[in-house]
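Asks: Okay, handing you the structure first.
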Amino acid sequence: MDIRVNFERLKGDIESLAQIGRDLKGGITRPSYSKADLIAQEWLKEKIEAAGLLLRQDGAGNIFARLEGKGKTIMVGSHIDTVINGGMFDGAVGVLSGLECLRRIKEENLNLSKPLELASFVDEEGNLVGDFLGSRAFIGLLERETLEKGMTQFGIPFTDVLKGTQFTIDSIMEAHKQRLEIESFLEIHIEQGPTLEMENKPIGIVDSIAGKHYRWCAFLGKASHSGTTPLELRHDAFLGLADFALRSTQHVATKHYGSMVTIGKINVHPGAFSVVPGQVDFSFEYRSTSKETLEELEKSLLALAEDIASTRGLEFKSTVVDKTEPVKMSPRIIEMMKEECQKLGYPFLMIPSGAGHDAQIIAREAEVGMIFIPCVDGISHSPEEMINWKDLEKGANLLLAVLLKLAG
Ligand SMILES: [Zn+2]
């Protein structure tokens with residue numbers, strides 16, 4: 001079965017979808033359940049029906065397109081929601097390449113033994129109540145309280161966002177009950193980093209997805225007059241954080257190169273010219289593709305913060321916001337991807353994913369595999385997000401070849 005995707009059609013689809021949710025800053029703003037997203041959902045449903053595929057939407061808003069077969073489902077998917085002022089490839093590449101693969105298989109009238117299904121998951125970007133709302137709903141990992149009490153990053157309760165849609169907390173909570181058994185899940189996505197471009201490889205075969213810990217932390221000191229409190233008598237909470245930021249980064253860079261640590265948001269109190277900071281609140285995240293490293297980082301970085309606090313006369317506090325486990329991609333699917341790359345003559349690189357993806361949620365139920373294509377300058381979540389279209393053609397052809405093998 002030596003078939004290829006219709007690349008011009010796939011490119012046209014990506015360009016059409018990119019017209020929905022255009023914002024004033026030249027990017028795309030299409031968070032799930034927004035007006036733009038609901039229009040995009042309808043657009044996708046029309047495409048699926050026009051292709052003669054079996055359309056279904058679950059109670060969470062996840063959209064599916066199916067080609068019937070016997071046994072467990074081979075699934076391919078990603079997401080069409082975006083971050084605020086995002087780009088046109090993150091997520092869209094996965095859903096529309098998957099659609100193109102199913103369309104080609106249907107056009108060729110191929111008789112595959114297993115059922116094939118495309119999935120477009122809602123709110124992968126976590127604009128509403130944490131990452132992966134759609135895939136979590138699909139697998140059945142959501143807690144009702146998260147939805148009932150959830151506050152979106154737009155400052156509106158999640159329940160208010162739902163009012164503009166046909167979806168309810170009940171329908172989201174029950175979405176997983178409509179799910180059929182999945183054997184394998186494939187996702188193609190832009191890399192969102194610079195490695196493939198630097199290595200001049202059109203294809204990345206993902207070997208693992210990093211797990212991460214999100215914490216909200218604080219150093220507590222003592223606010224005092226900045227003109228009269230001698231440096232050696234201060235309990236400067238900000239200096240505690242500055243010390244911690246440098247030393248935690250040094251620890252990860254020297255002992256666990258490849259893992260990540262980031263302080264992304266800081267609030268300094270009281271926050272004035274003339275006052276030594278008495279408290280600093282900050283977000284703290286660390287990521288690794290190794291479970292052991294993640295555990296080591298949890299211990300060593302928190303110990304480091306305690307040590308800095310006691311040396312500087314501060315108090316350190318930390319609460320967990322979210323934890324996800326690292327996920328290994330299926331060795332069987334990785335082997336298939338390597339073989340198909342060789343057959344197609346595509347150079348590839350084995351690569352870990354530092355960013356999270358729906359595939360890591362589906363991994364709870366099925367073997368998963370991911371293909372990366374390079375993005376220009378490693379940029380994503382930005383209007384500047386760009387790809388080399390030739391890489392997408394290769395990635396989509398590889399996706400099709402592996403789907404055929406899995407469902408064959
Ligand atoms: Zn994405």
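Letters for chains follow the order of the structure tokens (A, B, ...), residue numbers begin at 1 for each chain, and ligand numbers begin at 1 in the order shown.
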I need the strand (DSSP E) residues of stretch 13-121 of chain A per DSSP on the backbone, written as a PyMOL selection string.
Replies: chain A and resi 54-57+63-67+73-78+116-120
Asks: For chain A against ligand 1, with a cut-off of 10 Å and counting only C-alpha atoms and all ligand atoms, what is the closest atom pair and its distance in Å to one decimal for every residue that makes the cut, ordered by chain and number, as a Markdown table?
Replies:
| residue | atom | partner | partner_atom_place_in_ligand_line | distance |
| --- | --- | --- | --- | --- |
| A:Ser78 | CA | ligand 1 | 1 (Zn) | 7.0 |
| A:His79 | CA | ligand 1 | 1 (Zn) | 6.5 |
| A:Ile80 | CA | ligand 1 | 1 (Zn) | 8.2 |
| A:Asp81 | CA | ligand 1 | 1 (Zn) | 8.3 |
| A:Thr82 | CA | ligand 1 | 1 (Zn) | 7.7 |
| A:Val83 | CA | ligand 1 | 1 (Zn) | 9.2 |
| A:Phe89 | CA | ligand 1 | 1 (Zn) | 8.2 |
| A:Asp90 | CA | ligand 1 | 1 (Zn) | 4.5 |
| A:Gly91 | CA | ligand 1 | 1 (Zn) | 4.2 |
| A:Ala92 | CA | ligand 1 | 1 (Zn) | 7.9 |
| A:Val93 | CA | ligand 1 | 1 (Zn) | 8.9 |
| A:Gly94 | CA | ligand 1 | 1 (Zn) | 8.3 |
| A:Asp123 | CA | ligand 1 | 1 (Zn) | 9.8 |
| A:Glu124 | CA | ligand 1 | 1 (Zn) | 6.7 |
| A:Glu125 | CA | ligand 1 | 1 (Zn) | 6.8 |
| A:Phe132 | CA | ligand 1 | 1 (Zn) | 10.0 |
| A:Glu187 | CA | ligand 1 | 1 (Zn) | 9.9 |
| A:Ile188 | CA | ligand 1 | 1 (Zn) | 9.5 |
| A:His189 | CA | ligand 1 | 1 (Zn) | 6.6 |
| A:Ile190 | CA | ligand 1 | 1 (Zn) | 7.7 |
| A:Glu191 | CA | ligand 1 | 1 (Zn) | 9.3 |
| A:Gln192 | CA | ligand 1 | 1 (Zn) | 8.7 |
| A:Ala355 | CA | ligand 1 | 1 (Zn) | 8.5 |
| A:Gly356 | CA | ligand 1 | 1 (Zn) | 8.0 |
| A:His357 | CA | ligand 1 | 1 (Zn) | 6.3 |
| A:Asp358 | CA | ligand 1 | 1 (Zn) | 8.1 |
| A:Ser380 | CA | ligand 1 | 1 (Zn) | 9.1 |
| A:His381 | CA | ligand 1 | 1 (Zn) | 8.7 |
Asks: Can you check which residues of stretch 74-293 of chain A DSSP gives as helix (DSSP H, G or I) on the backbone and send them as a PDB file with N, CA and C atoms, in the first residue's frame?
Replies:
ATOM      1  N   ALA A  92      -3.184  22.312  14.855  1.00  0.00           N
ATOM      2  CA  ALA A  92      -3.868  22.201  13.554  1.00  0.00           C
ATOM      3  C   ALA A  92      -3.158  21.197  12.637  1.00  0.00           C
ATOM      4  N   VAL A  93      -1.830  21.198  12.676  1.00  0.00           N
ATOM      5  CA  VAL A  93      -1.054  20.254  11.866  1.00  0.00           C
ATOM      6  C   VAL A  93      -1.472  18.811  12.173  1.00  0.00           C
ATOM      7  N   GLY A  94      -1.685  18.519  13.455  1.00  0.00           N
ATOM      8  CA  GLY A  94      -2.017  17.148  13.861  1.00  0.00           C
ATOM      9  C   GLY A  94      -3.405  16.730  13.428  1.00  0.00           C
ATOM     10  N   VAL A  95      -4.384  17.606  13.682  1.00  0.00           N
ATOM     11  CA  VAL A  95      -5.771  17.246  13.344  1.00  0.00           C
ATOM     12  C   VAL A  95      -5.928  17.149  11.826  1.00  0.00           C
ATOM     13  N   LEU A  96      -5.384  18.123  11.101  1.00  0.00           N
ATOM     14  CA  LEU A  96      -5.636  18.162   9.654  1.00  0.00           C
ATOM     15  C   LEU A  96      -4.785  17.142   8.893  1.00  0.00           C
ATOM     16  N   SER A  97      -3.608  16.803   9.397  1.00  0.00           N
ATOM     17  CA  SER A  97      -2.844  15.706   8.779  1.00  0.00           C
ATOM     18  C   SER A  97      -3.578  14.386   8.998  1.00  0.00           C
ATOM     19  N   GLY A  98      -4.117  14.216  10.210  1.00  0.00           N
ATOM     20  CA  GLY A  98      -4.888  13.004  10.503  1.00  0.00           C
ATOM     21  C   GLY A  98      -6.099  12.892   9.594  1.00  0.00           C
ATOM     22  N   LEU A  99      -6.801  14.020   9.421  1.00  0.00           N
ATOM     23  CA  LEU A  99      -7.966  14.040   8.523  1.00  0.00           C
ATOM     24  C   LEU A  99      -7.542  13.660   7.106  1.00  0.00           C
ATOM     25  N   GLU A 100      -6.433  14.229   6.652  1.00  0.00           N
ATOM     26  CA  GLU A 100      -5.962  13.951   5.294  1.00  0.00           C
ATOM     27  C   GLU A 100      -5.633  12.457   5.126  1.00  0.00           C
ATOM     28  N   CYS A 101      -5.031  11.862   6.145  1.00  0.00           N
ATOM     29  CA  CYS A 101      -4.703  10.424   6.073  1.00  0.00           C
ATOM     30  C   CYS A 101      -5.979   9.590   5.918  1.00  0.00           C
ATOM     31  N   LEU A 102      -6.977   9.888   6.760  1.00  0.00           N
ATOM     32  CA  LEU A 102      -8.220   9.114   6.687  1.00  0.00           C
ATOM     33  C   LEU A 102      -8.916   9.318   5.336  1.00  0.00           C
ATOM     34  N   ARG A 103      -8.857  10.557   4.853  1.00  0.00           N
ATOM     35  CA  ARG A 103      -9.471  10.873   3.559  1.00  0.00           C
ATOM     36  C   ARG A 103      -8.817  10.060   2.444  1.00  0.00           C
ATOM     37  N   ARG A 104      -7.482   9.983   2.465  1.00  0.00           N
ATOM     38  CA  ARG A 104      -6.766   9.238   1.423  1.00  0.00           C
ATOM     39  C   ARG A 104      -7.087   7.739   1.499  1.00  0.00           C
ATOM     40  N   ILE A 105      -7.161   7.226   2.717  1.00  0.00           N
ATOM     41  CA  ILE A 105      -7.456   5.794   2.886  1.00  0.00           C
ATOM     42  C   ILE A 105      -8.857   5.495   2.354  1.00  0.00           C
ATOM     43  N   LYS A 106      -9.783   6.413   2.642  1.00  0.00           N
ATOM     44  CA  LYS A 106     -11.165   6.250   2.166  1.00  0.00           C
ATOM     45  C   LYS A 106     -11.196   6.340   0.620  1.00  0.00           C
ATOM     46  N   GLU A 107     -10.497   7.306   0.066  1.00  0.00           N
ATOM     47  CA  GLU A 107     -10.484   7.478  -1.395  1.00  0.00           C
ATOM     48  C   GLU A 107      -9.928   6.257  -2.117  1.00  0.00           C
ATOM     49  N   LEU A 133      -8.071  19.407  28.807  1.00  0.00           N
ATOM     50  CA  LEU A 133      -9.457  19.173  29.246  1.00  0.00           C
ATOM     51  C   LEU A 133     -10.111  18.070  28.404  1.00  0.00           C
ATOM     52  N   GLY A 134      -9.980  18.161  27.078  1.00  0.00           N
ATOM     53  CA  GLY A 134     -10.676  17.225  26.189  1.00  0.00           C
ATOM     54  C   GLY A 134     -10.164  15.805  26.324  1.00  0.00           C
ATOM     55  N   SER A 135      -8.851  15.626  26.315  1.00  0.00           N
ATOM     56  CA  SER A 135      -8.339  14.254  26.396  1.00  0.00           C
ATOM     57  C   SER A 135      -8.538  13.682  27.802  1.00  0.00           C
ATOM     58  N   ARG A 136      -8.485  14.548  28.814  1.00  0.00           N
ATOM     59  CA  ARG A 136      -8.770  14.061  30.172  1.00  0.00           C
ATOM     60  C   ARG A 136     -10.224  13.610  30.274  1.00  0.00           C
ATOM     61  N   ALA A 137     -11.137  14.376  29.666  1.00  0.00           N
ATOM     62  CA  ALA A 137     -12.552  14.000  29.678  1.00  0.00           C
ATOM     63  C   ALA A 137     -12.745  12.690  28.924  1.00  0.00           C
ATOM     64  N   PHE A 138     -12.019  12.541  27.830  1.00  0.00           N
ATOM     65  CA  PHE A 138     -12.133  11.367  26.961  1.00  0.00           C
ATOM     66  C   PHE A 138     -11.694  10.101  27.695  1.00  0.00           C
ATOM     67  N   ILE A 139     -10.617  10.223  28.487  1.00  0.00           N
ATOM     68  CA  ILE A 139     -10.125   9.044  29.222  1.00  0.00           C
ATOM     69  C   ILE A 139     -10.893   8.856  30.535  1.00  0.00           C
ATOM     70  N   ARG A 144     -15.089  16.431  39.007  1.00  0.00           N
ATOM     71  CA  ARG A 144     -16.208  17.373  38.839  1.00  0.00           C
ATOM     72  C   ARG A 144     -15.915  18.726  39.491  1.00  0.00           C
ATOM     73  N   GLU A 145     -15.264  18.659  40.654  1.00  0.00           N
ATOM     74  CA  GLU A 145     -14.975  19.892  41.386  1.00  0.00           C
ATOM     75  C   GLU A 145     -14.108  20.863  40.569  1.00  0.00           C
ATOM     76  N   THR A 146     -13.169  20.286  39.804  1.00  0.00           N
ATOM     77  CA  THR A 146     -12.291  21.119  38.966  1.00  0.00           C
ATOM     78  C   THR A 146     -13.128  21.942  38.010  1.00  0.00           C
ATOM     79  N   LEU A 147     -14.186  21.334  37.480  1.00  0.00           N
ATOM     80  CA  LEU A 147     -15.038  22.026  36.508  1.00  0.00           C
ATOM     81  C   LEU A 147     -15.983  22.993  37.216  1.00  0.00           C
ATOM     82  N   GLU A 148     -16.549  22.533  38.325  1.00  0.00           N
ATOM     83  CA  GLU A 148     -17.548  23.369  39.028  1.00  0.00           C
ATOM     84  C   GLU A 148     -16.921  24.623  39.616  1.00  0.00           C
ATOM     85  N   LYS A 149     -15.703  24.473  40.143  1.00  0.00           N
ATOM     86  CA  LYS A 149     -15.067  25.627  40.824  1.00  0.00           C
ATOM     87  C   LYS A 149     -14.016  26.297  39.958  1.00  0.00           C
ATOM     88  N   PHE A 158     -15.452  28.901  34.839  1.00  0.00           N
ATOM     89  CA  PHE A 158     -15.603  27.938  33.746  1.00  0.00           C
ATOM     90  C   PHE A 158     -17.079  27.718  33.413  1.00  0.00           C
ATOM     91  N   THR A 159     -17.917  27.700  34.459  1.00  0.00           N
ATOM     92  CA  THR A 159     -19.353  27.467  34.235  1.00  0.00           C
ATOM     93  C   THR A 159     -19.965  28.572  33.357  1.00  0.00           C
ATOM     94  N   ASP A 160     -19.424  29.800  33.461  1.00  0.00           N
ATOM     95  CA  ASP A 160     -19.923  30.894  32.613  1.00  0.00           C
ATOM     96  C   ASP A 160     -19.516  30.688  31.153  1.00  0.00           C
ATOM     97  N   VAL A 161     -18.298  30.169  30.947  1.00  0.00           N
ATOM     98  CA  VAL A 161     -17.833  29.908  29.583  1.00  0.00           C
ATOM     99  C   VAL A 161     -18.750  28.881  28.914  1.00  0.00           C
ATOM    100  N   LEU A 162     -19.168  27.879  29.708  1.00  0.00           N
ATOM    101  CA  LEU A 162     -20.020  26.810  29.152  1.00  0.00           C
ATOM    102  C   LEU A 162     -21.381  27.333  28.688  1.00  0.00           C
ATOM    103  N   LYS A 163     -21.843  28.416  29.301  1.00  0.00           N
ATOM    104  CA  LYS A 163     -23.187  28.932  28.971  1.00  0.00           C
ATOM    105  C   LYS A 163     -23.338  29.275  27.492  1.00  0.00           C
ATOM    106  N   ILE A 169     -21.404  20.581  32.482  1.00  0.00           N
ATOM    107  CA  ILE A 169     -20.486  19.812  33.335  1.00  0.00           C
ATOM    108  C   ILE A 169     -20.843  18.329  33.275  1.00  0.00           C
ATOM    109  N   ASP A 170     -22.139  18.026  33.302  1.00  0.00           N
ATOM    110  CA  ASP A 170     -22.565  16.616  33.199  1.00  0.00           C
ATOM    111  C   ASP A 170     -22.086  15.993  31.891  1.00  0.00           C
ATOM    112  N   SER A 171     -22.288  16.718  30.789  1.00  0.00           N
ATOM    113  CA  SER A 171     -21.931  16.117  29.494  1.00  0.00           C
ATOM    114  C   SER A 171     -20.413  15.923  29.392  1.00  0.00           C
ATOM    115  N   ILE A 172     -19.638  16.830  29.989  1.00  0.00           N
ATOM    116  CA  ILE A 172     -18.175  16.686  29.958  1.00  0.00           C
ATOM    117  C   ILE A 172     -17.764  15.484  30.824  1.00  0.00           C
ATOM    118  N   MET A 173     -18.362  15.409  32.018  1.00  0.00           N
ATOM    119  CA  MET A 173     -18.003  14.312  32.929  1.00  0.00           C
ATOM    120  C   MET A 173     -18.359  12.946  32.336  1.00  0.00           C
ATOM    121  N   ALA A 175     -18.374  12.216  29.050  1.00  0.00           N
ATOM    122  CA  ALA A 175     -17.825  12.023  27.697  1.00  0.00           C
ATOM    123  C   ALA A 175     -17.117  10.677  27.552  1.00  0.00           C
ATOM    124  N   HIS A 176     -16.414  10.269  28.596  1.00  0.00           N
ATOM    125  CA  HIS A 176     -15.596   9.041  28.485  1.00  0.00           C
ATOM    126  C   HIS A 176     -16.434   7.782  28.357  1.00  0.00           C
ATOM    127  N   LYS A 177     -17.700   7.873  28.742  1.00  0.00           N
ATOM    128  CA  LYS A 177     -18.549   6.676  28.671  1.00  0.00           C
ATOM    129  C   LYS A 177     -18.872   6.292  27.235  1.00  0.00           C
ATOM    130  N   GLN A 178     -18.732   7.264  26.307  1.00  0.00           N
ATOM    131  CA  GLN A 178     -19.043   6.959  24.896  1.00  0.00           C
ATOM    132  C   GLN A 178     -17.818   6.419  24.163  1.00  0.00           C
ATOM    133  N   THR A 195      15.646  22.084  18.049  1.00  0.00           N
ATOM    134  CA  THR A 195      16.592  20.985  17.813  1.00  0.00           C
ATOM    135  C   THR A 195      16.570  20.444  16.381  1.00  0.00           C
ATOM    136  N   LEU A 196      15.378  20.139  15.856  1.00  0.00           N
ATOM    137  CA  LEU A 196      15.319  19.539  14.509  1.00  0.00           C
ATOM    138  C   LEU A 196      15.889  20.489  13.467  1.00  0.00           C
ATOM    139  N   GLU A 197      15.559  21.767  13.606  1.00  0.00           N
ATOM    140  CA  GLU A 197      16.070  22.750  12.651  1.00  0.00           C
ATOM    141  C   GLU A 197      17.596  22.835  12.747  1.00  0.00           C
ATOM    142  N   MET A 198      18.114  22.850  13.974  1.00  0.00           N
ATOM    143  CA  MET A 198      19.572  22.932  14.163  1.00  0.00           C
ATOM    144  C   MET A 198      20.271  21.712  13.579  1.00  0.00           C
ATOM    145  N   GLU A 199      19.623  20.553  13.725  1.00  0.00           N
ATOM    146  CA  GLU A 199      20.226  19.304  13.238  1.00  0.00           C
ATOM    147  C   GLU A 199      19.873  19.044  11.768  1.00  0.00           C
ATOM    148  N   LEU A 231      22.375  46.338  55.199  1.00  0.00           N
ATOM    149  CA  LEU A 231      22.265  45.163  54.321  1.00  0.00           C
ATOM    150  C   LEU A 231      22.340  43.865  55.117  1.00  0.00           C
ATOM    151  N   GLU A 232      23.241  43.838  56.128  1.00  0.00           N
ATOM    152  CA  GLU A 232      23.445  42.572  56.849  1.00  0.00           C
ATOM    153  C   GLU A 232      22.304  42.257  57.816  1.00  0.00           C
ATOM    154  N   LEU A 233      21.430  43.199  58.057  1.00  0.00           N
ATOM    155  CA  LEU A 233      20.312  42.940  58.985  1.00  0.00           C
ATOM    156  C   LEU A 233      18.987  42.695  58.257  1.00  0.00           C
ATOM    157  N   ALA A 237      13.253  39.023  51.039  1.00  0.00           N
ATOM    158  CA  ALA A 237      12.640  37.850  50.392  1.00  0.00           C
ATOM    159  C   ALA A 237      13.042  37.751  48.920  1.00  0.00           C
ATOM    160  N   PHE A 238      13.181  38.889  48.268  1.00  0.00           N
ATOM    161  CA  PHE A 238      13.541  38.845  46.843  1.00  0.00           C
ATOM    162  C   PHE A 238      14.946  38.295  46.635  1.00  0.00           C
ATOM    163  N   LEU A 239      15.879  38.668  47.516  1.00  0.00           N
ATOM    164  CA  LEU A 239      17.239  38.130  47.375  1.00  0.00           C
ATOM    165  C   LEU A 239      17.250  36.611  47.549  1.00  0.00           C
ATOM    166  N   GLY A 240      16.359  36.123  48.424  1.00  0.00           N
ATOM    167  CA  GLY A 240      16.216  34.659  48.569  1.00  0.00           C
ATOM    168  C   GLY A 240      15.825  34.041  47.237  1.00  0.00           C
ATOM    169  N   LEU A 241      14.867  34.651  46.577  1.00  0.00           N
ATOM    170  CA  LEU A 241      14.412  34.123  45.285  1.00  0.00           C
ATOM    171  C   LEU A 241      15.523  34.227  44.231  1.00  0.00           C
ATOM    172  N   ALA A 242      16.229  35.372  44.218  1.00  0.00           N
ATOM    173  CA  ALA A 242      17.295  35.557  43.225  1.00  0.00           C
ATOM    174  C   ALA A 242      18.347  34.459  43.389  1.00  0.00           C
ATOM    175  N   ASP A 243      18.742  34.219  44.629  1.00  0.00           N
ATOM    176  CA  ASP A 243      19.720  33.174  44.946  1.00  0.00           C
ATOM    177  C   ASP A 243      19.184  31.812  44.485  1.00  0.00           C
ATOM    178  N   PHE A 244      17.932  31.553  44.815  1.00  0.00           N
ATOM    179  CA  PHE A 244      17.312  30.267  44.476  1.00  0.00           C
ATOM    180  C   PHE A 244      17.222  30.077  42.961  1.00  0.00           C
ATOM    181  N   ALA A 245      16.847  31.147  42.246  1.00  0.00           N
ATOM    182  CA  ALA A 245      16.698  31.051  40.781  1.00  0.00           C
ATOM    183  C   ALA A 245      18.026  30.631  40.151  1.00  0.00           C
ATOM    184  N   LEU A 246      19.124  31.261  40.579  1.00  0.00           N
ATOM    185  CA  LEU A 246      20.433  30.956  39.993  1.00  0.00           C
ATOM    186  C   LEU A 246      20.926  29.571  40.390  1.00  0.00           C
ATOM    187  N   ARG A 247      20.778  29.254  41.684  1.00  0.00           N
ATOM    188  CA  ARG A 247      21.334  27.976  42.138  1.00  0.00           C
ATOM    189  C   ARG A 247      20.520  26.776  41.665  1.00  0.00           C
ATOM    190  N   SER A 248      19.190  26.931  41.558  1.00  0.00           N
ATOM    191  CA  SER A 248      18.377  25.812  41.065  1.00  0.00           C
ATOM    192  C   SER A 248      18.686  25.564  39.580  1.00  0.00           C
ATOM    193  N   THR A 249      18.882  26.641  38.834  1.00  0.00           N
ATOM    194  CA  THR A 249      19.221  26.491  37.411  1.00  0.00           C
ATOM    195  C   THR A 249      20.589  25.830  37.260  1.00  0.00           C
ATOM    196  N   GLN A 250      21.531  26.250  38.111  1.00  0.00           N
ATOM    197  CA  GLN A 250      22.868  25.654  38.056  1.00  0.00           C
ATOM    198  C   GLN A 250      22.808  24.158  38.387  1.00  0.00           C
ATOM    199  N   HIS A 251      21.995  23.808  39.379  1.00  0.00           N
ATOM    200  CA  HIS A 251      21.852  22.401  39.768  1.00  0.00           C
ATOM    201  C   HIS A 251      21.347  21.562  38.588  1.00  0.00           C
ATOM    202  N   VAL A 252      20.292  22.047  37.935  1.00  0.00           N
ATOM    203  CA  VAL A 252      19.715  21.287  36.821  1.00  0.00           C
ATOM    204  C   VAL A 252      20.697  21.235  35.645  1.00  0.00           C
ATOM    205  N   ALA A 253      21.328  22.368  35.351  1.00  0.00           N
ATOM    206  CA  ALA A 253      22.241  22.424  34.196  1.00  0.00           C
ATOM    207  C   ALA A 253      23.456  21.514  34.383  1.00  0.00           C
ATOM    208  N   THR A 254      23.952  21.412  35.618  1.00  0.00           N
ATOM    209  CA  THR A 254      25.180  20.619  35.824  1.00  0.00           C
ATOM    210  C   THR A 254      24.889  19.161  36.153  1.00  0.00           C
ATOM    211  N   LYS A 255      23.786  18.897  36.875  1.00  0.00           N
ATOM    212  CA  LYS A 255      23.523  17.514  37.303  1.00  0.00           C
ATOM    213  C   LYS A 255      22.500  16.792  36.430  1.00  0.00           C
ATOM    214  N   LYS A 291      11.487   9.784  35.344  1.00  0.00           N
ATOM    215  CA  LYS A 291      10.707   9.792  36.585  1.00  0.00           C
ATOM    216  C   LYS A 291      11.639   9.967  37.782  1.00  0.00           C
ATOM    217  N   GLU A 292      12.793   9.267  37.739  1.00  0.00           N
ATOM    218  CA  GLU A 292      13.755   9.318  38.848  1.00  0.00           C
ATOM    219  C   GLU A 292      14.312  10.738  39.002  1.00  0.00           C
ATOM    220  N   THR A 293      14.625  11.361  37.857  1.00  0.00           N
ATOM    221  CA  THR A 293      15.168  12.727  37.908  1.00  0.00           C
ATOM    222  C   THR A 293      14.136  13.687  38.478  1.00  0.00           C
TER     223      THR A 293
END
Asks: Find the distance between atom CA of A:Gly27 and atom CA of A:Gly87 and write it in Å to one decimal.
Replies: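 Going from atom CA of A:Gly27 over to atom CA of A:Gly87, I get 5.7 Å.
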Asks: Which is closer to A:Lys343 than all the others in A:Gln279, A:Ala51, A:Asp2, A:Leu116, using only C-alpha atoms?
Replies: A:Asp2
Asks: So which one's closest to A:Ala366, A:Glu181, A:Asp13, A:Glu339, A:Asp58? Using only C-alpha atoms, please.
Replies: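 Residue with the minimum atom-to-atom distance to A:Ala366: A:Glu181.
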Asks: Restricting the calculation to only C-alpha atoms, which member of A:Ile63, A:Met88, A:Met75, A:His256 is positioned closest to A:Glu384?
Replies: A:Met88
Asks: As a PyMOL selection string, please: the residues near A:Cys375 (cut-off 6 Å, only C-alpha atoms, same-chain neighbours under 2 positions excluded).
Replies: chain A and resi 190+378+386-387
Asks: Restrict the selected residues to C-alpha atoms and save them as a PDB file, in the first residue's frame.
Replies:
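Okay, selection_38.pdb is ready:
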ATOM      1  CA  ILE A 190       5.417  20.920  15.468  1.00  0.00           C
ATOM      2  CA  GLY A 378      11.923  26.906  17.291  1.00  0.00           C
ATOM      3  CA  MET A 386       6.141  28.940  10.915  1.00  0.00           C
ATOM      4  CA  ILE A 387       7.102  25.656   9.273  1.00  0.00           C
TER       5      ILE A 387
END
Asks: Of the residues A:Arg234, A:Lys317, A:Arg66, A:His225, which is the one nearest to A:Ser274, using only C-alpha atoms?
Replies: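 Of all the options, A:His225 lies closest to A:Ser274.
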Asks: Identify, on the basis of only C-alpha atoms, every residue whose closest approach to A:Arg287 does not exceed 8 Å; exclude the query and any residue fewer than 4 positions from it along the same chain; express the result as a list of chain:residue names.
Replies: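 In the requested form, the answer reads A:Ala210, A:Gly211, A:Lys212, A:His213, A:Ser259, A:Met260, A:Val261, A:Leu294, A:Gly354.
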